[in-house]
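Report on the following structure.
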Amino acid sequence: MPTKRIAVLTSGGDCPGLNAVIRGVVCAADKLGWEVIGFIDGYEGMLAPVRTRVLDRASTDGIMALGGTILGTTNKGRFVAKIGHGNKAELDPAIVAEARATIESHGIEAVVCIGGDGSLSTAQQLCDHGIKAIGVPKTIDNDIEATAITFGFDSAVACVADGLDRLHTTAKSHKRVMVVEVMGRYAGWIALHGGMAGGADIILIPEIPFTYQNVFAAIRQREAQGHTTHMVVVAEGACATDGEIVTKETSRKGEALLGGIGDQVAKRISEATGKETRCMVLGHLQRGGAPTSLDRILGTRFGVHAVDLIRQGKFGHMVSYQNYLVSEVPIAEAVNQLKRVKPDNQILQACRELGISFGD
């Protein structure tokens, strides 16, 4: 009887914990006696020239501590299925047919697709065309509604907290206001968690439109209390009530590239308060480096469960984490469902009790 063969790929933006998922898939498959091959550079590896590598316990030994992905990834190319928030582009049937031919010629029975909302939209379309796929959610933004947490998020929050720790000391030396712009797109999870962990005084998130007057008032109130240093965390998708979300440019497929709100906030604070103000954009620092232990564990569990879903024949499903348990949901129900910070969120409420201003 021929050995069962499955494939795994990583698609979209990189983040800490991807290698833990790959290792989880390989080890779980190996225990079942299955072979695993990895497609290089995401879905693009399925197309000519086809790029693969054999994955086994030896080749994945020790990779959990590594950031990024040993398979490479891309968020552009012929498989891009997301052209803006909530908007989906249909894949070219010729591209799907070529991918199916590659899968069949390599004797692959199912593909584990690790990626964010756009990459999972692609996985769903492959399923619609008869390709057996399992989804594993990946985003540092933690903005997929169908799972309580995604791997990479905890590592991103740790990066923000570490950045704030370091900026506290230089800010105190110069009595400055420090504005830290963080990732998250249209969700404020990284800013909220990272700001709380790093001792921020003001946190501005997309879910709570702010006014500059309220931000200035919070700083002046702290000055009156004897504070000379103020830490402001701004999510890249945060927006003033009288403004718009700040974008750098529009990507190749029409999706806005956010960023720049930190500089605007710093400039306005400096002009209104006279305080020396500096802006730090953490950017891709939040995506790089070794994953935290939580992301290593979560990624591994996701990889193991993805293999189990293949064993059960539950194709077209995405691994999900709810109430401390790893389970699954249909990919079709998971994509394009943005998870945002709600007003009654307990961490948000705790921040308010601490005296942290949200500019509202």
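If you're wondering about the labels, chains in the structure tokens are A, B, ... by order shown, residues count from 1 in each chain, ligands from 1 in order shown.
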Helix (DSSP H, G or I) call set, DSSP backbone run, region 187-267 of chain A, as a ChimeraX atom specification: /A:189-197,212-224,261-267
Writer output for current selection, N, CA and C atoms, as an mmCIF file, in the first residue's frame:
```cif
data_model
loop_
_atom_site.group_PDB
_atom_site.id
_atom_site.type_symbol
_atom_site.label_atom_id
_atom_site.label_comp_id
_atom_site.auth_asym_id
_atom_site.auth_seq_id
_atom_site.Cartn_x
_atom_site.Cartn_y
_atom_site.Cartn_z
ATOM 1 N N TRP A 189 -5.965 45.082 18.783
ATOM 2 C CA TRP A 189 -5.525 44.103 19.776
ATOM 3 C C TRP A 189 -4.057 44.271 20.181
ATOM 4 N N ILE A 190 -3.174 44.484 19.215
ATOM 5 C CA ILE A 190 -1.751 44.632 19.553
ATOM 6 C C ILE A 190 -1.533 45.892 20.388
ATOM 7 N N ALA A 191 -2.160 46.985 19.993
ATOM 8 C CA ALA A 191 -2.016 48.237 20.742
ATOM 9 C C ALA A 191 -2.566 48.099 22.152
ATOM 10 N N LEU A 192 -3.727 47.460 22.278
ATOM 11 C CA LEU A 192 -4.368 47.319 23.590
ATOM 12 C C LEU A 192 -3.530 46.459 24.523
ATOM 13 N N HIS A 193 -3.176 45.269 24.085
ATOM 14 C CA HIS A 193 -2.410 44.350 24.934
ATOM 15 C C HIS A 193 -0.989 44.856 25.149
ATOM 16 N N GLY A 194 -0.343 45.304 24.074
ATOM 17 C CA GLY A 194 1.025 45.792 24.190
ATOM 18 C C GLY A 194 1.103 47.046 25.031
ATOM 19 N N GLY A 195 0.116 47.931 24.869
ATOM 20 C CA GLY A 195 0.087 49.155 25.665
ATOM 21 C C GLY A 195 -0.091 48.882 27.140
ATOM 22 N N MET A 196 -0.974 47.960 27.461
ATOM 23 C CA MET A 196 -1.182 47.610 28.874
ATOM 24 C C MET A 196 0.077 46.980 29.450
ATOM 25 N N ALA A 197 0.669 46.034 28.709
ATOM 26 C CA ALA A 197 1.858 45.332 29.202
ATOM 27 C C ALA A 197 3.051 46.268 29.345
ATOM 28 N N TYR A 212 -8.167 64.909 19.358
ATOM 29 C CA TYR A 212 -6.867 65.416 19.795
ATOM 30 C C TYR A 212 -7.003 66.220 21.086
ATOM 31 N N GLN A 213 -8.119 66.893 21.252
ATOM 32 C CA GLN A 213 -8.312 67.673 22.480
ATOM 33 C C GLN A 213 -8.305 66.768 23.711
ATOM 34 N N ASN A 214 -8.899 65.580 23.587
ATOM 35 C CA ASN A 214 -8.890 64.637 24.709
ATOM 36 C C ASN A 214 -7.490 64.100 24.976
ATOM 37 N N VAL A 215 -6.712 63.885 23.911
ATOM 38 C CA VAL A 215 -5.325 63.439 24.079
ATOM 39 C C VAL A 215 -4.512 64.526 24.781
ATOM 40 N N PHE A 216 -4.673 65.778 24.331
ATOM 41 C CA PHE A 216 -3.941 66.884 24.960
ATOM 42 C C PHE A 216 -4.341 67.019 26.429
ATOM 43 N N ALA A 217 -5.649 66.866 26.692
ATOM 44 C CA ALA A 217 -6.143 67.005 28.066
ATOM 45 C C ALA A 217 -5.554 65.934 28.970
ATOM 46 N N ALA A 218 -5.416 64.704 28.446
ATOM 47 C CA ALA A 218 -4.849 63.620 29.248
ATOM 48 C C ALA A 218 -3.396 63.920 29.610
ATOM 49 N N ILE A 219 -2.646 64.470 28.677
ATOM 50 C CA ILE A 219 -1.244 64.814 28.937
ATOM 51 C C ILE A 219 -1.142 65.955 29.943
ATOM 52 N N ARG A 220 -1.980 66.984 29.774
ATOM 53 C CA ARG A 220 -1.947 68.111 30.709
ATOM 54 C C ARG A 220 -2.347 67.681 32.118
ATOM 55 N N GLN A 221 -3.312 66.778 32.203
ATOM 56 C CA GLN A 221 -3.715 66.269 33.524
ATOM 57 C C GLN A 221 -2.571 65.527 34.192
ATOM 58 N N ARG A 222 -1.852 64.725 33.412
ATOM 59 C CA ARG A 222 -0.711 64.013 33.971
ATOM 60 C C ARG A 222 0.398 64.987 34.377
ATOM 61 N N GLU A 223 0.607 66.029 33.589
ATOM 62 C CA GLU A 223 1.597 67.049 33.950
ATOM 63 C C GLU A 223 1.240 67.700 35.281
ATOM 64 N N ALA A 224 -0.056 67.993 35.481
ATOM 65 C CA ALA A 224 -0.519 68.610 36.719
ATOM 66 C C ALA A 224 -0.311 67.690 37.916
ATOM 67 N N ILE A 261 0.031 57.463 11.111
ATOM 68 C CA ILE A 261 -0.756 58.125 12.149
ATOM 69 C C ILE A 261 0.112 58.511 13.343
ATOM 70 N N GLY A 262 1.159 57.728 13.621
ATOM 71 C CA GLY A 262 2.044 58.037 14.752
ATOM 72 C C GLY A 262 2.710 59.389 14.603
ATOM 73 N N ASP A 263 3.223 59.668 13.422
ATOM 74 C CA ASP A 263 3.861 60.962 13.165
ATOM 75 C C ASP A 263 2.869 62.103 13.304
ATOM 76 N N GLN A 264 1.646 61.902 12.840
ATOM 77 C CA GLN A 264 0.631 62.948 12.947
ATOM 78 C C GLN A 264 0.300 63.241 14.406
ATOM 79 N N VAL A 265 0.133 62.180 15.191
ATOM 80 C CA VAL A 265 -0.183 62.348 16.610
ATOM 81 C C VAL A 265 0.961 63.056 17.334
ATOM 82 N N ALA A 266 2.194 62.648 17.042
ATOM 83 C CA ALA A 266 3.347 63.269 17.692
ATOM 84 C C ALA A 266 3.435 64.750 17.350
ATOM 85 N N LYS A 267 3.215 65.097 16.109
ATOM 86 C CA LYS A 267 3.282 66.498 15.673
ATOM 87 C C LYS A 267 2.218 67.340 16.376
#
```
Surrounding residues of region 22-35 of chain A excluding itself and chain neighbours under 6 positions, 9 Å, only C-alpha atoms, as a VMD selection string: chain A and resid 3 to 10 54 to 57 60 to 64 69 to 71 112 114 299 to 308
Can those selected residues be exported to a file as a JSON list (two decimals), in the first residue's frame so that it contains N, CA and C atoms?
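File produced: part-v1.json:
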```json
[["chain", "number", "residue", "atom", "x", "y", "z"],
["A", 3, "THR", "N", 2.46, 4.97, 0.58],
["A", 3, "THR", "CA", 2.44, 5.86, 1.74],
["A", 3, "THR", "C", 1.61, 7.10, 1.44],
["A", 4, "LYS", "N", 0.82, 7.50, 2.40],
["A", 4, "LYS", "CA", 0.01, 8.71, 2.23],
["A", 4, "LYS", "C", 0.94, 9.92, 2.24],
["A", 5, "ARG", "N", 0.69, 10.87, 1.35],
["A", 5, "ARG", "CA", 1.54, 12.06, 1.26],
["A", 5, "ARG", "C", 0.67, 13.31, 1.36],
["A", 6, "ILE", "N", 1.09, 14.24, 2.21],
["A", 6, "ILE", "CA", 0.40, 15.51, 2.34],
["A", 6, "ILE", "C", 1.40, 16.64, 2.11],
["A", 7, "ALA", "N", 0.89, 17.84, 1.94],
["A", 7, "ALA", "CA", 1.75, 19.00, 1.73],
["A", 7, "ALA", "C", 1.40, 20.10, 2.72],
["A", 8, "VAL", "N", 2.34, 21.02, 2.92],
["A", 8, "VAL", "CA", 2.11, 22.18, 3.80],
["A", 8, "VAL", "C", 2.74, 23.39, 3.13],
["A", 9, "LEU", "N", 2.12, 24.55, 3.31],
["A", 9, "LEU", "CA", 2.68, 25.78, 2.78],
["A", 9, "LEU", "C", 2.36, 26.94, 3.72],
["A", 10, "THR", "N", 3.19, 27.97, 3.64],
["A", 10, "THR", "CA", 2.96, 29.19, 4.42],
["A", 10, "THR", "C", 2.76, 30.34, 3.44],
["A", 54, "VAL", "N", 11.32, 18.15, 0.76],
["A", 54, "VAL", "CA", 10.85, 17.08, 1.64],
["A", 54, "VAL", "C", 11.02, 17.53, 3.08],
["A", 55, "LEU", "N", 10.00, 17.30, 3.87],
["A", 55, "LEU", "CA", 10.03, 17.66, 5.28],
["A", 55, "LEU", "C", 9.93, 16.39, 6.13],
["A", 56, "ASP", "N", 10.86, 16.23, 7.04],
["A", 56, "ASP", "CA", 10.81, 15.10, 7.97],
["A", 56, "ASP", "C", 11.30, 15.58, 9.33],
["A", 57, "ARG", "N", 11.37, 14.66, 10.27],
["A", 57, "ARG", "CA", 11.77, 15.05, 11.62],
["A", 57, "ARG", "C", 13.17, 15.65, 11.65],
["A", 60, "THR", "N", 13.26, 19.28, 10.33],
["A", 60, "THR", "CA", 12.50, 20.26, 11.12],
["A", 60, "THR", "C", 12.96, 20.29, 12.58],
["A", 61, "ASP", "N", 14.00, 19.55, 12.88],
["A", 61, "ASP", "CA", 14.51, 19.53, 14.25],
["A", 61, "ASP", "C", 15.09, 20.90, 14.61],
["A", 62, "GLY", "N", 14.62, 21.48, 15.70],
["A", 62, "GLY", "CA", 15.16, 22.75, 16.19],
["A", 62, "GLY", "C", 14.62, 24.00, 15.53],
["A", 63, "ILE", "N", 13.63, 23.86, 14.64],
["A", 63, "ILE", "CA", 13.16, 25.05, 13.92],
["A", 63, "ILE", "C", 12.15, 25.88, 14.73],
["A", 64, "MET", "N", 11.63, 25.35, 15.82],
["A", 64, "MET", "CA", 10.62, 26.11, 16.58],
["A", 64, "MET", "C", 11.16, 27.43, 17.10],
["A", 69, "THR", "N", 9.71, 31.63, 8.36],
["A", 69, "THR", "CA", 9.29, 30.31, 7.91],
["A", 69, "THR", "C", 10.37, 29.68, 7.04],
["A", 70, "ILE", "N", 10.69, 28.44, 7.29],
["A", 70, "ILE", "CA", 11.72, 27.75, 6.51],
["A", 70, "ILE", "C", 11.24, 27.47, 5.09],
["A", 71, "LEU", "N", 9.94, 27.62, 4.83],
["A", 71, "LEU", "CA", 9.39, 27.37, 3.50],
["A", 71, "LEU", "C", 9.31, 28.64, 2.66],
["A", 112, "VAL", "N", -2.09, 21.50, 3.77],
["A", 112, "VAL", "CA", -2.29, 22.35, 4.94],
["A", 112, "VAL", "C", -1.85, 23.76, 4.56],
["A", 114, "ILE", "N", -1.30, 27.51, 5.66],
["A", 114, "ILE", "CA", -1.11, 28.36, 6.84],
["A", 114, "ILE", "C", -1.08, 29.81, 6.38],
["A", 299, "GLY", "N", 1.25, 27.19, 18.01],
["A", 299, "GLY", "CA", 1.56, 26.79, 16.65],
["A", 299, "GLY", "C", 1.68, 25.28, 16.51],
["A", 300, "THR", "N", 2.35, 24.66, 17.47],
["A", 300, "THR", "CA", 2.50, 23.21, 17.44],
["A", 300, "THR", "C", 1.15, 22.51, 17.52],
["A", 301, "ARG", "N", 0.30, 22.98, 18.44],
["A", 301, "ARG", "CA", -1.03, 22.38, 18.59],
["A", 301, "ARG", "C", -1.85, 22.54, 17.31],
["A", 302, "PHE", "N", -1.74, 23.71, 16.67],
["A", 302, "PHE", "CA", -2.46, 23.93, 15.42],
["A", 302, "PHE", "C", -1.99, 22.95, 14.34],
["A", 303, "GLY", "N", -0.67, 22.75, 14.25],
["A", 303, "GLY", "CA", -0.14, 21.83, 13.26],
["A", 303, "GLY", "C", -0.59, 20.40, 13.48],
["A", 304, "VAL", "N", -0.57, 19.97, 14.72],
["A", 304, "VAL", "CA", -1.01, 18.61, 15.07],
["A", 304, "VAL", "C", -2.49, 18.42, 14.72],
["A", 305, "HIS", "N", -3.30, 19.44, 15.05],
["A", 305, "HIS", "CA", -4.74, 19.30, 14.80],
["A", 305, "HIS", "C", -5.05, 19.33, 13.30],
["A", 306, "ALA", "N", -4.26, 20.08, 12.55],
["A", 306, "ALA", "CA", -4.47, 20.11, 11.10],
["A", 306, "ALA", "C", -4.31, 18.72, 10.50],
["A", 307, "VAL", "N", -3.31, 17.98, 10.96],
["A", 307, "VAL", "CA", -3.10, 16.60, 10.49],
["A", 307, "VAL", "C", -4.27, 15.72, 10.91],
["A", 308, "ASP", "N", -4.77, 15.93, 12.11],
["A", 308, "ASP", "CA", -5.90, 15.13, 12.58],
["A", 308, "ASP", "C", -7.15, 15.40, 11.74]]
```
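Closest approach to Ala235 (chain A) from the set A:Phe315, A:Phe358, A:Phe151, A:Tyr43 is made by A:Phe358, with distances taken over only C-alpha atoms.
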DSSP strand (DSSP E or B) residues within region 103-262 of chain A, listed as a ChimeraX atom specification: /A:110-115,133-138,144,151,177-182,202-204,210,230-235,240,247-250,256-258
Could you write those residues out with C-alpha atoms, as a CSV table (one decimal), in the first residue's frame?
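Wrote result17.csv, looks like this:
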```csv
chain,number,residue,atom,x,y,z
A,110,ALA,CA,-4.3,17.1,1.0
A,111,VAL,CA,-2.7,20.5,1.6
A,112,VAL,CA,-2.3,22.4,4.9
A,113,CYS,CA,-2.5,26.1,4.1
A,114,ILE,CA,-1.1,28.4,6.8
A,115,GLY,CA,-2.1,32.0,6.4
A,133,ALA,CA,-7.3,21.7,1.9
A,134,ILE,CA,-7.1,22.5,5.7
A,135,GLY,CA,-6.6,26.0,6.9
A,136,VAL,CA,-4.4,27.2,9.8
A,137,PRO,CA,-5.0,30.8,10.9
A,138,LYS,CA,-2.0,33.1,11.0
A,144,ILE,CA,-9.9,36.5,12.8
A,151,PHE,CA,-0.1,32.4,16.9
A,177,VAL,CA,6.4,62.3,25.1
A,178,MET,CA,7.0,59.1,23.2
A,179,VAL,CA,4.5,58.0,20.6
A,180,VAL,CA,4.8,54.3,19.5
A,181,GLU,CA,3.0,53.3,16.3
A,182,VAL,CA,2.1,49.6,16.2
A,202,ILE,CA,-2.6,56.7,26.3
A,203,ILE,CA,-3.7,54.0,23.8
A,204,LEU,CA,-5.4,54.9,20.5
A,210,PHE,CA,-10.3,59.8,19.4
A,230,HIS,CA,4.0,60.3,28.7
A,231,MET,CA,3.8,57.1,26.7
A,232,VAL,CA,1.3,57.0,23.8
A,233,VAL,CA,0.6,53.8,21.8
A,234,VAL,CA,-1.1,54.3,18.5
A,235,ALA,CA,-2.5,51.5,16.4
A,240,ALA,CA,-9.5,60.9,14.9
A,247,THR,CA,-2.4,55.3,4.6
A,248,LYS,CA,1.0,55.2,3.0
A,249,GLU,CA,-0.1,54.0,-0.4
A,250,THR,CA,-2.3,51.4,-2.1
A,256,ALA,CA,-4.5,50.0,1.7
A,257,LEU,CA,-1.1,50.0,3.3
A,258,LEU,CA,-1.7,51.7,6.7
```
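Minimum atom-to-atom distance to Thr73 (chain A), evaluated using only C-alpha atoms, belongs to A:Ser119 out of A:Ser293, A:Thr169, A:Gln312, A:Ser119.
Proximity ranking of A:Tyr186, A:Thr277, A:Ala272, A:Pro209 relative to Leu167 (chain A) places A:Thr277 first, based on only C-alpha atoms.
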Nearest-residue call for Glu109 (chain A), choices A:Ile310, A:Ala48, A:Leu18, A:Val96, using only C-alpha atoms: A:Ile310
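Nearest-residue note for Ser320 (chain A): choosing from A:Ala58, A:Val157, A:Ala350, A:Ala334, the minimum distance belongs to A:Ala334, counting only C-alpha atoms.
Taking only C-alpha atoms into account, Ile103 (chain A) lies nearest to A:Gly45 out of the set A:Gly45, A:Gly198, A:Asp154, A:Thr170.
Residues with any atom within 8 Å of Leu47 (chain A), counting only C-alpha atoms and excluding same-chain neighbours fewer than 4 positions away, are Tyr43, Arg51, Ile95, Glu98, Ala99 and Thr102 of chain A.
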